[in-house]
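Report on one structure; see the data block that follows.
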Amino acid sequence: MNLTDHEPRKTGRTMRVADYIVAVLAAEGVEHVFGVGGANIEDLYDALHRSRDVEGVVAKHEFSATTMADGYARTSNRIGVVAATSGGGALNVIAGLGEAFASRIPLLALVGQPPTTLEGMGAFQDTSGLAGSIDATRLFGEVSVYCARVESPLDLEHQLAEALAAARRGGPAVLLLPKDIQQEIGEFPEPARTVSTAPHTTATDVTRLAEALRDDYGRITVIAGDEVARAGARTELAELAHVLGARVAVTPDARDVLDPGAPGRLGITGAMGNPDVVDALQDSDVCLLVGTRLPVMARGGLDAVLEKTLVYSVGSAKPYLQACHVPTRDLRATLRGLVTEIGPAASRAPVAQCDPTPIDVPSSGTSGLRYTDAVKALSAVMPAGADVFADAGNTGAAVVHHLPVTAGGRFVVALGMGGMGYTFGAAIGSAFSRGRRTFVIAGDGAFYAHGLEIHTAVEYDVPVTFVVFNNNAHAMCLTREQVYFEGAYTYSRFRPARIAAGVGALFPGLPSHTVDTHAGLADSLRATADSAGPAVIEVACDADELPPFLPFLPARRPTERSESREGARR
């Protein structure tokens with residue numbers, strides 16, 4: 001099947017393969033390529049140097065370069081691009097591609113390879129699959145939606161167009177680029193944006209779904225995912241909820257798809273979510289999933305009630321649970337179509353506005369700033385339109401559960417693979433794309449994994465505030481030891497470290513603060529709010545505090561509201 005169409009060719013140009021790749025990226029609207037240099041990708045960097053439209057950004061590690069491209073893509077609705085050399089550099093990209101693959105993020109990875117003349121001949125970092133070497137095509141094929149080795153300049157136009165079209169449909173694409181191929185000269189058409197011809201939702205699909213939602217009696221609960229934000233479909237989601245008279249919950253990675261004051265707002269689904277979601281679904285006849293596949297982290301605690309509920313779905317991919325699914329490549333247009341087909345909301349009772357019920361977390365009684373207090377201090381001074389990237393773990397659970405999203409801001413938590421340290425690169429990539437103050441909220445374990453990407457933020461003077469919750473532990477692992485293994489031992493506590501002082505000494509002039517009180521955190525956030533570039537705030541936290549994560553907490557008793565509803569049904 002032909003995957004792409006092109007605009008009619010204009011006069012061809014003679015140029016290097018590497019230069020053509022960069023010219024095509026520019027035509028796609030890509031303004032930054034993230035990566036780490038090396039012998040077998042240096043020709044691409046030379047092409048970036050010569051380009052007036054695309055800037056090369058050098059990271060400290062290829063995993064973080066990949067997450068920079070990931071963050072760039074998540075908040076800009078553009079393709080993120082990462083470039084890496086062969087060997088260890090190429091292998092370091094794989095973990096980042098795994099996150100993008102699981103989360104369906106549109107990335108293009110340009111991976112250098114040894115010259116074709118040395119493949120299978122003992123080349124340094126050979127991954128051609130010849131003579132017993134690693135086969136990069138098979139290796140990257142497992143973490144991508146498209147992977148191809150460019151063997152000739154004659155193949156490049158077609159393969160690059162296919163890779164971009166595949167990425168745009170959702171997921172990372174990989175082009176393996178031997179060094180000698182990058183250097184070759186060819187005649188290429190004037191670069192033009194590649195247009196995917198993948199089928200969109202049909203009018204019949206929209207009409208049938210609208211009829212089902214309009215005609216099914218009883219309450220409707222909507223669960224919205226991060227695809228709504230990436231598609232820029234917040235307004236359409238709110239309009240759909242209004243015409244349906246529906247209550248709306250969001251998945252942990254979709255905190256920013258619903259206005260905090262929206263009627264019928266239920267809070268977060270899943271293991272770090274709000275109990276109101278279960279109550280609402282118990283009182284609903286229909287659940288509509290919008291832009292989410294509802295993986296385990298987003299549906300934890302919901303399986304039993306969803307089995308008794310009629311579930312519809314609209315989005316780019318079929319959900320993990322049984323549902324009547326309508327696929328779409330343009331979520332905004334599909335939601336607009338649903339609103340039009342369903343019609344006025346006159347027949348639906350208005351939904352009251354209320355604040356979601358938080359999870360009760362017992363006090364640990366030990367020293368350090370509590371997660372809840374730290375997040376409240378953050379929310380009090382978070383500037384309007386700020387973007388927030390939360391790392392996974394106990395810190396991430398607290399931020400997902402408690403931190404409100406500011407108007408116009410993005411909230412990103414990567415739960416596809418949940419790799420520690422994702423946020424340090426992703427926030428930098430997003431800041432390049434969005435050009436606004438961006439906040440990383442991560443634990444000290446995440447900092448030790450990839451926190452020295454702060455150096456990249458310093459080098460490029462990127463406006464990122466790195467907030468590190470330092471509890472001197474891998475806190476999620478420590479909590480699991482305490483909850484599931486009676487706390488008889490630990491592998492997860494660290495010797496005390498002074499992260500902000502260390503980073504401040506490493507990068508003279510970088511604003512860096514250590515705080516251990518609510519007031520101190522608020523003061524430090526205000527003090528760094530006007531920084532032109534990066535800043536670091538270390539928050540001394542309590543490693544023994546349980547996070548708002550349901551599997552770690554005693555079973556929730558039914559609320560009075562759910563008990564009364566159950567009684568009414570009987």
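Residues are named by chain letter and number: chains run A, B, ... in the order of the structure tokens, numbers start at 1 in each chain, and ligands are numbered from 1 in the order shown.
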
Task: Residue contacts of stretch 293-307 of chain A (7 Å, only C-alpha atoms) excluding same-chain residues fewer than 2 positions away, as a list in words - done: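 The residues satisfying every condition are Thr251, Pro252, Thr269, Gly270, Ala271, Val278, Leu281, Gln282, Thr309, Ala317, Lys318, Pro319 and Tyr320 of chain A.
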
Restricting the output to C-alpha atoms, write the selected residues as a compact mmCIF listing (two decimals), in the first residue's frame.
# COMPACT_ATOMS: atom_id res chain seq x y z
CA THR A 251 -5.97 9.61 33.08
CA PRO A 252 -2.77 10.37 35.05
CA THR A 269 -8.31 7.62 37.22
CA GLY A 270 -6.17 4.69 38.23
CA ALA A 271 -3.78 3.78 41.02
CA VAL A 278 -15.28 4.60 40.85
CA LEU A 281 -18.84 4.71 37.02
CA GLN A 282 -20.99 2.70 39.45
CA THR A 309 -20.64 -0.75 32.02
CA ALA A 317 -5.75 3.27 18.93
CA LYS A 318 -8.10 0.63 20.27
CA PRO A 319 -8.17 0.48 24.10
CA TYR A 320 -6.88 -2.46 26.10

Open item on the list: Residues near A:Glu481, anyone? I mean within 12 Å using only C-alpha atoms, not counting same-chain ones fewer than 5 positions away, as JSON, numbers by chain.
Closed with: {"A": [473, 474, 475, 476, 486, 487, 488, 489, 490, 491, 492, 493, 544, 546, 552]}

Open item on the list: With DSSP run on the backbone, what are the strand (DSSP E) residues within stretch 260-503 of chain A? I'd like them as a PyMOL selection string.
Closed with: chain A and resi 265-268+286-290+310-315+324-327+387-390+411-413+438-443+464-470

Task: Between atom CA of A:Glu28 and atom CA of A:Thr14 - distance in Å to one decimal - done: 19.9 Å

TODO: Choose the residue, out of A:Val250, A:Ala59, A:Ala210, A:Met15, that has the smallest atom-to-atom separation from A:Pro189; count only C-alpha atoms.
DONE: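 Of the candidates, the smallest distance to A:Pro189 is held by A:Met15.
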
- [ ] Please indicate the distance in Å from atom CA of A:Pro106 to atom CA of A:Tyr45, rounded to one decimal place.
- [x]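 Straight-line distance from atom CA of A:Pro106 to atom CA of A:Tyr45 works out to 21.5 Å.
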
Open item on the list: Report as number ranges by chain all protein, DNA and RNA residues lying within 8 Å of A:Ala18, evaluated on only C-alpha atoms, omitting residues in the same chain fewer than 6 positions from it.
Closed with: A: 43-44, 47, 182-183
